[in-house]
>>> print(open('protein_27.pdb').read())   # PDB, C-alpha atoms
MODEL        1
ATOM      1  CA  MET A1312      21.210  12.690   9.493
ATOM      2  CA  PRO A1313      20.114  13.464   5.909
ATOM      3  CA  TYR A1314      17.458  11.203   4.493
ATOM      4  CA  PRO A1315      17.319  10.406   0.740
ATOM      5  CA  ARG A1316      14.173  12.081  -0.507
ATOM      6  CA  ARG A1317      13.901  11.468  -4.218
ATOM      7  CA  TRP A1318      12.485   8.464  -5.990
ATOM      8  CA  GLY A1319      15.798   6.986  -7.145
ATOM      9  CA  ASP A1320      17.817   7.673  -3.991
ATOM     10  CA  VAL A1321      16.796   4.667  -1.881
ATOM     11  CA  ASN A1322      17.084   0.880  -2.191
ATOM     12  CA  GLY A1323      14.411  -1.779  -1.855
ATOM     13  CA  PRO A1324      14.602  -2.558   1.876
ATOM     14  CA  LEU A1325      14.553   1.115   2.834
ATOM     15  CA  ARG A1326      11.703   1.859   0.449
ATOM     16  CA  PHE A1327       9.720  -1.041   1.885
ATOM     17  CA  ALA A1328      10.374   0.245   5.398
ATOM     18  CA  ARG A1329       9.144   3.733   4.459
ATOM     19  CA  TYR A1330       5.776   2.344   3.404
ATOM     20  CA  ALA A1331       5.518  -0.295   6.133
ATOM     21  CA  TYR A1332       6.296   2.006   9.048
ATOM     22  CA  PRO A1333       3.006   3.984   9.321
ATOM     23  CA  PRO A1334       0.662   0.991   9.878
ATOM     24  CA  ASN A1335       3.338  -0.771  11.927
ATOM     25  CA  GLU A1336       3.576   2.223  14.233
ATOM     26  CA  LEU A1337      -0.204   1.983  14.694
ATOM     27  CA  GLY A1338       0.060  -1.720  15.519
ATOM     28  CA  TYR A1339      -1.804  -2.939  12.415
ATOM     29  CA  CYS A1340       0.761  -5.156  10.724
ATOM     30  CA  GLY A1341       4.246  -6.585  11.024
ATOM     31  CA  PRO A1342       6.379  -7.229  14.093
ATOM     32  CA  ASP A1343       6.454  -4.917  17.091
ATOM     33  CA  ALA A1344       9.456  -2.961  15.840
ATOM     34  CA  ALA A1345       8.292   0.493  14.769
ATOM     35  CA  SER A1346      11.127   2.288  16.548
ATOM     36  CA  GLN A1347      13.737   0.099  14.852
ATOM     37  CA  LEU A1348      12.119   0.657  11.463
ATOM     38  CA  LEU A1349      12.127   4.409  11.893
ATOM     39  CA  GLU A1350      15.700   4.428  13.173
ATOM     40  CA  GLN A1351      17.036   2.416  10.248
ATOM     41  CA  VAL A1352      15.060   4.391   7.695
ATOM     42  CA  GLY A1353      16.291   7.662   9.175
ATOM     43  CA  ALA A1354      19.890   6.449   9.152
ATOM     44  CA  GLY A1355      19.603   4.956   5.656
ATOM     45  CA  VAL A1356      20.873   1.584   6.908
ATOM     46  CA  ALA A1357      19.679  -1.463   4.945
ATOM     47  CA  ASP A1358      21.479  -4.321   6.683
ATOM     48  CA  GLY A1359      20.671  -7.928   7.504
ATOM     49  CA  ASP A1360      18.723  -6.913  10.595
ATOM     50  CA  LEU A1361      16.373  -4.787   8.515
ATOM     51  CA  ARG A1362      15.893  -7.564   5.969
ATOM     52  CA  ARG A1363      14.988 -10.054   8.703
ATOM     53  CA  LEU A1364      12.573  -7.553  10.198
ATOM     54  CA  LEU A1365      10.814  -6.954   6.881
ATOM     55  CA  ARG A1366      10.182 -10.673   6.395
ATOM     56  CA  GLY A1367       7.879 -10.397   9.412
ATOM     57  CA  PHE A1368       5.326  -8.381   7.428
ATOM     58  CA  GLU A1369       3.145 -11.376   6.660
ATOM     59  CA  GLY A1370       0.615  -9.405   4.631
ATOM     60  CA  ALA A1371       3.062  -7.952   2.119
ATOM     61  CA  TRP A1372       5.932 -10.449   2.050
ATOM     62  CA  PRO A1373       4.180 -13.201   0.025
ATOM     63  CA  TYR A1374       3.254 -10.644  -2.624
ATOM     64  CA  LEU A1375       6.907  -9.622  -2.906
ATOM     65  CA  GLU A1376       7.902 -13.273  -3.312
ATOM     66  CA  LEU A1377       5.205 -13.751  -5.959
ATOM     67  CA  ILE A1378       6.226 -10.675  -7.975
ATOM     68  CA  ALA A1379       9.903 -11.580  -7.784
ATOM     69  CA  ALA A1380       9.378 -15.201  -8.857
ATOM     70  CA  ALA A1381       7.107 -14.275 -11.777
ATOM     71  CA  ASN A1382       9.730 -11.844 -13.080
ATOM     72  CA  GLY A1383      12.836 -13.979 -12.537
ATOM     73  CA  ILE A1384      14.164 -11.693  -9.794
ATOM     74  CA  GLY A1385      16.006 -13.526  -7.034
ATOM     75  CA  ASP A1386      15.509 -11.021  -4.214
ATOM     76  CA  PRO A1387      11.964 -10.145  -3.020
ATOM     77  CA  LEU A1388      13.428  -6.912  -1.631
ATOM     78  CA  ASP A1389      14.861  -5.867  -4.976
ATOM     79  CA  ASP A1390      13.778  -2.245  -5.407
ATOM     80  CA  ARG A1391      11.925  -3.099  -8.618
ATOM     81  CA  VAL A1392       9.789  -5.591  -6.702
ATOM     82  CA  VAL A1393       9.173  -3.310  -3.733
ATOM     83  CA  SER A1394       8.204  -0.417  -6.007
ATOM     84  CA  ALA A1395       5.847  -2.657  -7.952
ATOM     85  CA  TYR A1396       3.984  -3.745  -4.828
ATOM     86  CA  TRP A1397       3.583  -0.375  -3.126
ATOM     87  CA  VAL A1398       3.416   1.947  -6.149
ATOM     88  CA  GLY A1399       2.990  -0.184  -9.262
ATOM     89  CA  SER A1400       4.866  -1.270 -12.383
ATOM     90  CA  PRO A1401       4.522  -3.634 -15.363
ATOM     91  CA  LEU A1402       6.081  -6.359 -13.184
ATOM     92  CA  LEU A1403       2.593  -6.809 -11.719
ATOM     93  CA  ASP A1404       1.124  -7.637 -15.106
ATOM     94  CA  ARG A1405       3.510 -10.586 -15.454
ATOM     95  CA  VAL A1406       1.920 -12.310 -12.467
ATOM     96  CA  GLY A1407      -0.870 -14.235 -14.133
ATOM     97  CA  PRO A1408      -4.256 -14.869 -12.516
ATOM     98  CA  ARG A1409      -3.446 -18.511 -11.852
ATOM     99  CA  LEU A1410      -0.329 -17.630  -9.888
ATOM    100  CA  LEU A1411      -2.163 -14.989  -7.864
ATOM    101  CA  ALA A1412      -5.110 -17.295  -7.163
ATOM    102  CA  ASP A1413      -2.792 -20.100  -6.053
ATOM    103  CA  SER A1414      -0.946 -17.750  -3.719
ATOM    104  CA  LEU A1415      -4.197 -16.513  -2.181
ATOM    105  CA  GLU A1416      -5.400 -20.074  -1.743
ATOM    106  CA  ASP A1417      -2.237 -21.102   0.091
ATOM    107  CA  ARG A1418      -2.512 -18.118   2.411
ATOM    108  CA  PHE A1419      -6.185 -17.551   3.030
ATOM    109  CA  ARG A1420      -8.398 -20.565   2.285
ATOM    110  CA  PRO A1421      -8.066 -22.036   5.801
ATOM    111  CA  ARG A1422      -9.017 -18.720   7.411
ATOM    112  CA  ALA A1423     -11.636 -17.548   4.927
ATOM    113  CA  GLY A1424     -13.557 -20.824   4.796
ATOM    114  CA  ARG A1425     -16.742 -20.444   2.786
ATOM    115  CA  SER A1426     -15.839 -16.844   1.960
ATOM    116  CA  PHE A1427     -12.742 -17.874   0.010
ATOM    117  CA  ALA A1428     -14.583 -18.003  -3.325
ATOM    118  CA  ASP A1429     -15.643 -14.391  -2.759
ATOM    119  CA  LEU A1430     -12.085 -13.390  -1.918
ATOM    120  CA  VAL A1431     -10.667 -14.718  -5.200
ATOM    121  CA  ALA A1432     -13.553 -13.471  -7.347
ATOM    122  CA  PRO A1433     -11.625 -10.324  -8.424
ATOM    123  CA  VAL A1434      -8.675 -12.365  -9.742
ATOM    124  CA  PRO A1435     -10.068 -13.296 -13.186
ATOM    125  CA  ALA A1436     -11.448  -9.760 -13.480
ATOM    126  CA  GLY A1437      -7.944  -8.279 -13.468
ATOM    127  CA  ALA A1438      -6.623  -8.255  -9.904
ATOM    128  CA  VAL A1439      -2.837  -7.938  -9.570
ATOM    129  CA  PRO A1440      -0.569  -8.221  -6.493
ATOM    130  CA  HIS A1441      -0.576  -4.500  -5.792
ATOM    131  CA  HIS A1442      -1.067  -3.149  -2.266
ATOM    132  CA  SER A1443      -4.370  -1.603  -3.322
ATOM    133  CA  PHE A1444      -5.754  -5.033  -4.232
ATOM    134  CA  HIS A1445      -4.899  -6.318  -0.761
ATOM    135  CA  VAL A1446      -6.650  -3.315   0.795
ATOM    136  CA  PHE A1447      -9.734  -3.329  -1.435
ATOM    137  CA  GLY A1448     -10.086  -7.042  -2.114
ATOM    138  CA  VAL A1449      -8.691  -8.982   0.848
ATOM    139  CA  TYR A1450      -9.529  -6.872   3.872
ATOM    140  CA  PRO A1451     -13.259  -6.907   4.720
ATOM    141  CA  TRP A1452     -13.777  -3.127   4.663
ATOM    142  CA  LEU A1453     -15.410  -2.944   1.223
ATOM    143  CA  GLY A1454     -17.767  -5.765   2.140
ATOM    144  CA  LEU A1455     -18.734  -3.909   5.298
ATOM    145  CA  LEU A1456     -19.527  -0.830   3.219
ATOM    146  CA  ARG A1457     -21.773  -2.951   1.015
ATOM    147  CA  GLU A1458     -23.578  -4.080   4.154
ATOM    148  CA  GLY A1459     -24.262  -0.436   5.010
ATOM    149  CA  ARG A1460     -21.629   0.039   7.710
ATOM    150  CA  LEU A1461     -20.183   3.442   6.934
ATOM    151  CA  GLY A1462     -17.637   5.571   8.758
ATOM    152  CA  GLU A1463     -14.734   3.480   9.961
ATOM    153  CA  PRO A1464     -14.627   1.060   6.974
ATOM    154  CA  LEU A1465     -14.357   3.955   4.503
ATOM    155  CA  ARG A1466     -11.745   5.704   6.626
ATOM    156  CA  ALA A1467      -9.690   2.508   6.896
ATOM    157  CA  LEU A1468      -9.845   1.907   3.134
ATOM    158  CA  ASP A1469      -8.712   5.444   2.418
ATOM    159  CA  ARG A1470      -5.914   5.538   5.000
ATOM    160  CA  CYS A1471      -4.600   2.029   4.322
ATOM    161  CA  ARG A1472      -4.290   2.399   0.558
ATOM    162  CA  ILE A1473      -1.255   4.276  -0.770
ATOM    163  CA  ARG A1474      -2.546   7.728  -1.668
ATOM    164  CA  TRP A1475      -0.941  10.406  -3.790
ATOM    165  CA  GLY A1476      -1.160  14.131  -3.225
ATOM    166  CA  GLN A1477       0.437  17.470  -3.934
ATOM    167  CA  VAL A1478       2.196  19.272  -1.122
ATOM    168  CA  GLN A1479       0.617  22.630  -0.271
ATOM    169  CA  SER A1480       2.825  23.669   2.638
ATOM    170  CA  VAL A1481       5.536  22.308   4.919
ATOM    171  CA  ASP A1482       6.266  23.431   8.468
ATOM    172  CA  GLY A1483       9.011  21.355  10.034
ATOM    173  CA  ARG A1484       7.735  17.799  10.323
ATOM    174  CA  GLU A1485       4.174  18.715   9.389
ATOM    175  CA  ALA A1486       2.766  19.229   5.911
ATOM    176  CA  VAL A1487      -0.546  19.949   4.260
ATOM    177  CA  VAL A1488      -1.133  17.701   1.249
ATOM    178  CA  ARG A1489      -3.974  17.962  -1.259
ATOM    179  CA  CYS A1490      -5.414  14.505  -1.984
ATOM    180  CA  ARG A1491      -8.532  12.982  -3.458
ATOM    181  CA  PRO A1492     -10.133  10.820  -0.742
ATOM    182  CA  LEU A1493     -12.208   7.735  -1.360
ATOM    183  CA  VAL A1494     -15.974   8.261  -1.456
ATOM    184  CA  TRP A1495     -18.802   5.723  -1.421
ATOM    185  CA  ASP A1496     -22.059   6.237  -3.288
ATOM    186  CA  GLY A1497     -23.782   3.172  -1.885
ATOM    187  CA  ARG A1498     -22.572   0.917  -4.686
ATOM    188  CA  ARG A1499     -19.082   1.922  -5.763
ATOM    189  CA  LEU A1500     -15.840   3.324  -4.419
ATOM    190  CA  ALA A1501     -14.424   6.320  -6.253
ATOM    191  CA  LEU A1502     -12.083   9.250  -5.760
ATOM    192  CA  GLY A1503     -13.803  12.355  -4.472
ATOM    193  CA  PRO A1504     -12.950  16.041  -4.920
ATOM    194  CA  PRO A1505      -9.522  17.158  -3.648
ATOM    195  CA  VAL A1506      -9.191  18.082   0.005
ATOM    196  CA  ASP A1507      -6.279  19.389   2.053
ATOM    197  CA  GLU A1508      -5.185  17.078   4.844
ATOM    198  CA  PRO A1509      -2.369  17.173   7.426
ATOM    199  CA  ALA A1510       0.467  14.662   7.170
ATOM    200  CA  THR A1511       3.628  13.910   9.089
ATOM    201  CA  VAL A1512       6.866  14.442   7.174
ATOM    202  CA  GLY A1513       8.950  12.276   9.450
ATOM    203  CA  VAL A1514      11.442  10.902   6.953
ATOM    204  CA  HIS A1515      12.241  13.798   4.652
ATOM    205  CA  HIS A1516      14.069  16.039   7.124
ATOM    206  CA  GLY A1517      13.063  19.240   5.370
ATOM    207  CA  GLY A1518      13.546  17.930   1.825
ATOM    208  CA  LEU A1519       9.887  18.118   0.823
ATOM    209  CA  ARG A1520       8.757  21.321  -0.860
ATOM    210  CA  PRO A1521       5.360  22.822  -1.774
ATOM    211  CA  GLY A1522       4.306  21.772  -5.246
ATOM    212  CA  ALA A1523       5.929  18.334  -5.026
ATOM    213  CA  TRP A1524       3.868  15.174  -5.408
ATOM    214  CA  CYS A1525       4.212  12.517  -2.744
ATOM    215  CA  SER A1526       2.822   9.190  -1.601
ATOM    216  CA  LEU A1527       1.077   8.757   1.743
ATOM    217  CA  HIS A1528       0.265   5.754   3.932
ATOM    218  CA  TRP A1529      -2.085   6.464   6.793
ATOM    219  CA  ASP A1530      -1.031   9.931   7.980
ATOM    220  CA  TRP A1531       2.619   9.807   6.894
ATOM    221  CA  VAL A1532       4.368  11.016   3.764
ATOM    222  CA  CYS A1533       6.308   8.014   2.432
ATOM    223  CA  GLU A1534       8.334   9.685  -0.304
ATOM    224  CA  GLU A1535       8.352  12.218  -3.095
ATOM    225  CA  LEU A1536       7.048  10.857  -6.395
ATOM    226  CA  ASP A1537       8.465  11.651  -9.796
ATOM    227  CA  ALA A1538       6.134  11.829 -12.791
ATOM    228  CA  SER A1539       6.577   8.158 -13.702
ATOM    229  CA  ALA A1540       5.900   6.883 -10.188
ATOM    230  CA  LEU A1541       2.882   9.161  -9.825
ATOM    231  CA  ALA A1542       1.407   7.854 -13.085
ATOM    232  CA  ARG A1543       1.984   4.237 -12.062
ATOM    233  CA  LEU A1544       0.401   4.686  -8.638
ATOM    234  CA  ARG A1545      -2.656   6.287 -10.213
ATOM    235  CA  HIS A1546      -2.907   3.628 -12.912
ATOM    236  CA  TYR A1547      -2.730   0.582 -10.668
ATOM    237  CA  THR A1548      -4.872   2.028  -7.902
ATOM    238  CA  LEU A1549      -7.649   3.028 -10.275
ATOM    239  CA  GLY A1550      -7.354  -0.319 -12.026
ATOM    240  CA  GLN A1551      -7.858  -2.262  -8.795
ATOM    241  CA  LEU A1552     -10.729   0.021  -7.817
ATOM    242  CA  ALA A1553     -12.447  -0.841 -11.088
ATOM    243  CA  VAL A1554     -11.872  -4.558 -10.496
ATOM    244  CA  VAL A1555     -13.362  -4.662  -7.000
ATOM    245  CA  ASN A1556     -16.217  -2.347  -7.926
ATOM    246  CA  GLY A1557     -17.208  -4.821 -10.606
ATOM    247  CA  VAL A1558     -17.387  -7.840  -8.304
ATOM    248  CA  ARG A1559     -20.389  -7.973  -5.980
ATOM    249  CA  VAL A1560     -19.396 -10.096  -3.021
ATOM    250  CA  PRO A1561     -19.878  -9.900   0.760
ATOM    251  CA  ALA A1562     -17.067  -9.275   3.214
ATOM    252  CA  PRO A1563     -14.683 -12.127   4.017
ATOM    253  CA  ALA A1564     -15.511 -13.950   7.232
ATOM    254  CA  THR A1565     -12.481 -12.584   9.068
ATOM    255  CA  VAL A1566     -10.053  -9.697   8.855
ATOM    256  CA  LEU A1567      -7.121 -11.081   6.902
ATOM    257  CA  SER A1568      -3.514  -9.947   7.249
TER     258      SER A1568
ENDMDL
END
>>> encode(input="protein_27.pdb", output="structure tokens")
Amino acid sequence: MPYPRRWGDVNGPLRFARYAYPPNELGYCGPDAASQLLEQVGAGVADGDLRRLLRGFEGAWPYLELIAAANGIGDPLDDRVVSAYWVGSPLLDRVGPRLLADSLEDRFRPRAGRSFADLVAPVPAGAVPHHSFHVFGVYPWLGLLREGRLGEPLRALDRCRIRWGQVQSVDGREAVVRCRPLVWDGRRLALGPPVDEPATVGVHHGGLRPGAWCSLHWDWVCEELDASALARLRHYTLGQLAVVNGVRVPAPATVLS
């Protein structure tokens, strides 16, 4: 069945499912429903069952609620909200630091304990409820890098963030995409030189072409990006990198979802 491939051809629940599927399939977040997610995304079906399933993504869902409420949008799965969280938009800038800090306190203070002050330290420095903030600032991977534990923490940071890249080739469900991976110089995270990496094109059904720009989560292509979406993803990702690089704190006490 054809799958909508361009930026404006999909609604909020389906867009959320595109981005949520790769880590869900790996067992990292959300309910145990990867096959249902993939089936509904492939069929383009955004029904009540999909909406109920997406509420089970406890890491992302509160951010959607926060973005929606701050912008007077009644549905957390409104496509504007979903796009803001995964890719980025000015809707994020309307969530003030107090609202973000309060949301983090409600969710994480009991689990973070004494580390909670470190977790919220990036908020007054410019953190916004973008997926990259959750990856860089809430998960403990950056703190582990600062403790000298290399390898897996850097790989997890790079795979878990939403990356952008330019398609070099497509062969059926497999593509080669040129991306700039995260690098660590002992003090700061940055984007390194471009490298070609393999990616699964499971949801485009042949619609992706060499030369196109796309977003990736873990080892999956999520969707093709138009120029506006590409610029927003770059802007908000680099902005959150700058925020967390500027705050010297240890890792949270636990891995937070």
>>> resolve_selection(input="protein_27.pdb", expression="the PyMOL selection byres ((chain A and resi 1382) around 8)", output="PyMOL selection string")
chain A and resi 1378-1381+1383-1384+1402+1405-1406
>>> closest_atom_pairs(input="protein_27.pdb", of="stretch 1369-1472 of chain A", to="stretch 1490-1500 of chain A", cutoff="10 Å", atoms="only C-alpha atoms", output="Markdown table")
| residue | atom | partner | partner_atom | distance |
| --- | --- | --- | --- | --- |
| A:Phe1447 | CA | A:Leu1500 | CA | 9.5 |
| A:Leu1453 | CA | A:Leu1500 | CA | 8.4 |
| A:Leu1456 | CA | A:Gly1497 | CA | 7.8 |
| A:Arg1457 | CA | A:Arg1498 | CA | 6.9 |
| A:Glu1458 | CA | A:Gly1497 | CA | 9.4 |
| A:Gly1459 | CA | A:Gly1497 | CA | 7.8 |
| A:Leu1461 | CA | A:Trp1495 | CA | 8.8 |
| A:Leu1465 | CA | A:Leu1493 | CA | 7.3 |
| A:Arg1466 | CA | A:Leu1493 | CA | 8.3 |
| A:Leu1468 | CA | A:Leu1493 | CA | 7.7 |
| A:Asp1469 | CA | A:Leu1493 | CA | 5.6 |
| A:Arg1470 | CA | A:Pro1492 | CA | 8.9 |
| A:Arg1472 | CA | A:Leu1493 | CA | 9.7 |
>>> resolve_selection(input="protein_27.pdb", expression="the PyMOL selection byres ((chain A and resi 1524-1541) around 7)", output="list in words")
Arg1316, Arg1317, Trp1318, Arg1329, Tyr1330, Pro1333, Pro1334, Val1398, Arg1470, Cys1471, Arg1472, Ile1473, Arg1474, Trp1475, Gly1476, Gln1477, Val1478, Ala1510, Thr1511, Val1512, Gly1522, Ala1523, Ala1542, Arg1543, Leu1544 and Arg1545 of chain A
>>> resolve_selection(input="protein_27.pdb", expression="the PyMOL selection byres ((chain A and resi 1386-1391) around 6)", output="PyMOL selection string")
chain A and resi 1322-1324+1375-1376+1379+1384-1385+1392-1394
>>> residues_around(input="protein_27.pdb", residues="stretch 1364-1367 of chain A", least_positions_apart="3", cutoff="12 Å", atoms="all atoms listed in the file", output="PyMOL selection string")
chain A and resi 1323-1332+1335+1340-1348+1351+1357-1361+1370-1376+1386-1388+1393+1568
>>> write_last_selection(input="protein_27.pdb", atoms="C-alpha atoms", output="PDB file, in the coordinates of the input")
ATOM      1  CA  GLY A1323      14.411  -1.779  -1.855  1.00  0.00           C
ATOM      2  CA  PRO A1324      14.602  -2.558   1.876  1.00  0.00           C
ATOM      3  CA  LEU A1325      14.553   1.115   2.834  1.00  0.00           C
ATOM      4  CA  ARG A1326      11.703   1.859   0.449  1.00  0.00           C
ATOM      5  CA  PHE A1327       9.720  -1.041   1.885  1.00  0.00           C
ATOM      6  CA  ALA A1328      10.374   0.245   5.398  1.00  0.00           C
ATOM      7  CA  ARG A1329       9.144   3.733   4.459  1.00  0.00           C
ATOM      8  CA  TYR A1330       5.776   2.344   3.404  1.00  0.00           C
ATOM      9  CA  ALA A1331       5.518  -0.295   6.133  1.00  0.00           C
ATOM     10  CA  TYR A1332       6.296   2.006   9.048  1.00  0.00           C
ATOM     11  CA  ASN A1335       3.338  -0.771  11.927  1.00  0.00           C
ATOM     12  CA  CYS A1340       0.761  -5.156  10.724  1.00  0.00           C
ATOM     13  CA  GLY A1341       4.246  -6.585  11.024  1.00  0.00           C
ATOM     14  CA  PRO A1342       6.379  -7.229  14.093  1.00  0.00           C
ATOM     15  CA  ASP A1343       6.454  -4.917  17.091  1.00  0.00           C
ATOM     16  CA  ALA A1344       9.456  -2.961  15.840  1.00  0.00           C
ATOM     17  CA  ALA A1345       8.292   0.493  14.769  1.00  0.00           C
ATOM     18  CA  SER A1346      11.127   2.288  16.548  1.00  0.00           C
ATOM     19  CA  GLN A1347      13.737   0.099  14.852  1.00  0.00           C
ATOM     20  CA  LEU A1348      12.119   0.657  11.463  1.00  0.00           C
ATOM     21  CA  GLN A1351      17.036   2.416  10.248  1.00  0.00           C
ATOM     22  CA  ALA A1357      19.679  -1.463   4.945  1.00  0.00           C
ATOM     23  CA  ASP A1358      21.479  -4.321   6.683  1.00  0.00           C
ATOM     24  CA  GLY A1359      20.671  -7.928   7.504  1.00  0.00           C
ATOM     25  CA  ASP A1360      18.723  -6.913  10.595  1.00  0.00           C
ATOM     26  CA  LEU A1361      16.373  -4.787   8.515  1.00  0.00           C
ATOM     27  CA  GLY A1370       0.615  -9.405   4.631  1.00  0.00           C
ATOM     28  CA  ALA A1371       3.062  -7.952   2.119  1.00  0.00           C
ATOM     29  CA  TRP A1372       5.932 -10.449   2.050  1.00  0.00           C
ATOM     30  CA  PRO A1373       4.180 -13.201   0.025  1.00  0.00           C
ATOM     31  CA  TYR A1374       3.254 -10.644  -2.624  1.00  0.00           C
ATOM     32  CA  LEU A1375       6.907  -9.622  -2.906  1.00  0.00           C
ATOM     33  CA  GLU A1376       7.902 -13.273  -3.312  1.00  0.00           C
ATOM     34  CA  ASP A1386      15.509 -11.021  -4.214  1.00  0.00           C
ATOM     35  CA  PRO A1387      11.964 -10.145  -3.020  1.00  0.00           C
ATOM     36  CA  LEU A1388      13.428  -6.912  -1.631  1.00  0.00           C
ATOM     37  CA  VAL A1393       9.173  -3.310  -3.733  1.00  0.00           C
ATOM     38  CA  SER A1568      -3.514  -9.947   7.249  1.00  0.00           C
TER      39      SER A1568
END
>>> atom_distance(input="protein_27.pdb", atom1="atom CA of A:Val1555", atom2="atom CA of A:Pro1505")
22.4 Å
>>> atom_distance(input="protein_27.pdb", atom1="atom CA of A:Val1449", atom2="atom CA of A:Arg1363")
25.0 Å
>>> atom_distance(input="protein_27.pdb", atom1="atom CA of A:Ala1438", atom2="atom CA of A:Arg1489")
27.7 Å
>>> axis_aligned_box(input="protein_27.pdb", around="stretch 1356-1372 of chain A", padding_each_side="8 Å", output="lines of an AutoDock Vina configuration file")
center_x = 11.0
center_y = -4.9
center_z = 6.3
size_x = 36.9
size_y = 29.0
size_z = 24.5
>>> residues_around(input="protein_27.pdb", residues="A:Leu1455", least_positions_apart="4", cutoff="7 Å", atoms="all atoms listed in the file", output="ChimeraX atom specification")
/A:1451,1459-1460,1464,1562
>>> residues_near_point(input="protein_27.pdb", point="(-2.1, -4.3, -5.0)", cutoff="8 Å", atoms="all atoms listed in the file", output="list in words")
Tyr1396, Trp1397, Gly1399, Ala1438, Val1439, Pro1440, His1441, His1442, Ser1443, Phe1444, His1445, Val1446, Tyr1547, Thr1548 and Gln1551 of chain A
>>> closest_residue(input="protein_27.pdb", among="A:Arg1418, A:Gly1338, A:Val1356, A:Pro1408", to="A:Glu1369", atoms="only C-alpha atoms")
A:Arg1418
>>> residues_around(input="protein_27.pdb", residues="stretch 1425-1433 of chain A", least_positions_apart="4", cutoff="10 Å", atoms="all atoms listed in the file", output="ChimeraX atom specification")
/A:1408,1411-1413,1415-1416,1419-1421,1437-1439,1444,1448-1451,1551,1553-1565
>>> decode(input="protein_27.pdb", residues="stretch 1350-1361 of chain A", atoms="N, CA and C atoms", output="CSV table (one decimal), in the first residue's frame")
chain,number,residue,atom,x,y,z
A,1350,GLU,N,2.4,-1.5,11.2
A,1350,GLU,CA,1.2,-1.8,10.4
A,1350,GLU,C,0.3,-0.6,10.1
A,1351,GLN,N,0.1,0.2,11.2
A,1351,GLN,CA,-0.8,1.3,11.0
A,1351,GLN,C,-0.1,2.4,10.2
A,1352,VAL,N,1.2,2.6,10.4
A,1352,VAL,CA,1.9,3.6,9.7
A,1352,VAL,C,1.9,3.2,8.2
A,1353,GLY,N,2.2,1.9,7.9
A,1353,GLY,CA,2.2,1.5,6.5
A,1353,GLY,C,0.9,1.6,5.8
A,1354,ALA,N,-0.2,1.4,6.6
A,1354,ALA,CA,-1.6,1.5,6.0
A,1354,ALA,C,-2.1,2.9,6.0
A,1355,GLY,N,-1.4,3.8,6.7
A,1355,GLY,CA,-1.9,5.2,6.8
A,1355,GLY,C,-3.1,5.4,7.6
A,1356,VAL,N,-3.3,4.5,8.6
A,1356,VAL,CA,-4.5,4.5,9.5
A,1356,VAL,C,-4.2,5.2,10.8
A,1357,ALA,N,-4.9,6.3,11.0
A,1357,ALA,CA,-4.7,7.1,12.3
A,1357,ALA,C,-6.1,7.0,13.0
A,1358,ASP,N,-6.4,5.9,13.7
A,1358,ASP,CA,-7.6,5.8,14.3
A,1358,ASP,C,-7.5,5.8,15.9
A,1359,GLY,N,-8.6,5.6,16.6
A,1359,GLY,CA,-8.5,5.6,18.0
A,1359,GLY,C,-7.5,4.7,18.6
A,1360,ASP,N,-7.4,3.5,18.0
A,1360,ASP,CA,-6.4,2.5,18.5
A,1360,ASP,C,-5.0,3.1,18.5
A,1361,LEU,N,-4.7,3.8,17.4
A,1361,LEU,CA,-3.3,4.3,17.3
A,1361,LEU,C,-3.1,5.4,18.4
